[in-house]
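Only one structure is covered here, and it is reproduced in the block below.
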Amino acid sequence: MPSSTSPADMSLILFLSLCLAANLWAFMAMGFDKVAAVRNQRRISESSLLGLTLIGGVGTIAASSLFKHKTRKQPFRRYAEVIAGLHVFLVVFFFTLLL
């Protein structure tokens with residue numbers, strides 16, 4: 001007998017997929033900005049990067065650490081860490097609601 005996926009399971013899969021996509025997007029944006037910084041090209045604004053941190057906080061922090069990007073910019077780093085912490089809290093909160 002084929003197994004069917006319940007609507008709750010589909011919601012959870014969709015939620016986790018969106019979280020993963022948002023974090024990948026934020027991670028890649030930080031990577032592109034690092035490359036632009038090294039090449040002295042047009043950069044992504046800090047406000048845009050912080051906006052991406054709202055939807056992909058872990059991706060931003062991971063990219064910042066991996067690429068050594070924006071690690072000395074204290075206001076940016078501090079804001080990003082607070083936003084990422086809030087993001088993780090919200091993801092865990094909604095994840096538990098969907099279980």
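Here, A, B, ... name the chains of the structure tokens in the order displayed, residue numbers run from 1 inside each chain, and ligands are numbered from 1 in the same displayed order.
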Can you list every residue of stretch 45-71 of chain A that has an atom at most 9 Å from stretch 87-94 of chain A, with its nearest atom pair and the distance in Å to one decimal, using only C-alpha atoms, ordered by chain then number, as JSON lines?
```
{"residue": "A:Thr53", "atom": "CA", "partner": "A:His87", "partner_atom": "CA", "distance": 8.2}
{"residue": "A:Leu54", "atom": "CA", "partner": "A:His87", "partner_atom": "CA", "distance": 6.5}
{"residue": "A:Ile55", "atom": "CA", "partner": "A:His87", "partner_atom": "CA", "distance": 7.1}
{"residue": "A:Gly56", "atom": "CA", "partner": "A:His87", "partner_atom": "CA", "distance": 7.4}
{"residue": "A:Gly57", "atom": "CA", "partner": "A:His87", "partner_atom": "CA", "distance": 5.9}
{"residue": "A:Val58", "atom": "CA", "partner": "A:Val88", "partner_atom": "CA", "distance": 7.5}
```
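The shell of residues at most 12 Å from stretch 33-46 of chain A, with only C-alpha atoms counted and near chain neighbours (fewer than 2 positions) removed, consists of Ala26, Phe27, Met28, Ala29, Met30, Gly31, Ser48, Leu49, Leu50, Gly51, Leu52, Thr53, Thr60, Ala63, Ser64, Ser65, Leu66, Phe67, Lys68, His69, Lys70, Thr71, Lys73, Pro75, Phe76, Arg77, Tyr79 and Ala80 of chain A.
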Atom CA of A:Gly85 to atom CA of A:Asn23, distance in Å rounded to a single decimal: 13.4 Å
Expressed in Å, the length from atom CA of A:Ala8 to atom CA of A:Ile83 is 27.7 Å
Taking the DSSP secondary structure from the backbone, can you list the residues of chain A that are helix (DSSP H, G or I), as a ChimeraX atom specification? /A:7-38,46-55,57-67,74-98
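Separating atom CA of A:Phe95 from atom CA of A:Leu20 is a distance of 13.0 Å.
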A:Ser6 environment, 12 Å, only C-alpha atoms, sequence neighbours closer than 6 positions dropped, as a VMD selection string: chain A and resid 12 to 13 98 to 99
Keeping N, CA and C atoms, export the residues of the selection given above as a PDB file, in the first residue's frame.
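Just written: out_3.pdb:
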```
ATOM      1  N   LEU A  12       5.299  20.924   6.838  1.00  0.00           N
ATOM      2  CA  LEU A  12       6.619  20.859   7.451  1.00  0.00           C
ATOM      3  C   LEU A  12       7.703  20.803   6.380  1.00  0.00           C
ATOM      4  N   ILE A  13       7.493  19.993   5.356  1.00  0.00           N
ATOM      5  CA  ILE A  13       8.468  19.891   4.261  1.00  0.00           C
ATOM      6  C   ILE A  13       8.603  21.229   3.552  1.00  0.00           C
ATOM      7  N   LEU A  98       4.368  23.094  13.727  1.00  0.00           N
ATOM      8  CA  LEU A  98       4.022  22.226  12.598  1.00  0.00           C
ATOM      9  C   LEU A  98       4.143  20.749  12.931  1.00  0.00           C
ATOM     10  N   LEU A  99       4.787  20.428  14.026  1.00  0.00           N
ATOM     11  CA  LEU A  99       4.912  19.009  14.403  1.00  0.00           C
ATOM     12  C   LEU A  99       3.669  18.460  14.973  1.00  0.00           C
TER      13      LEU A  99
END
```
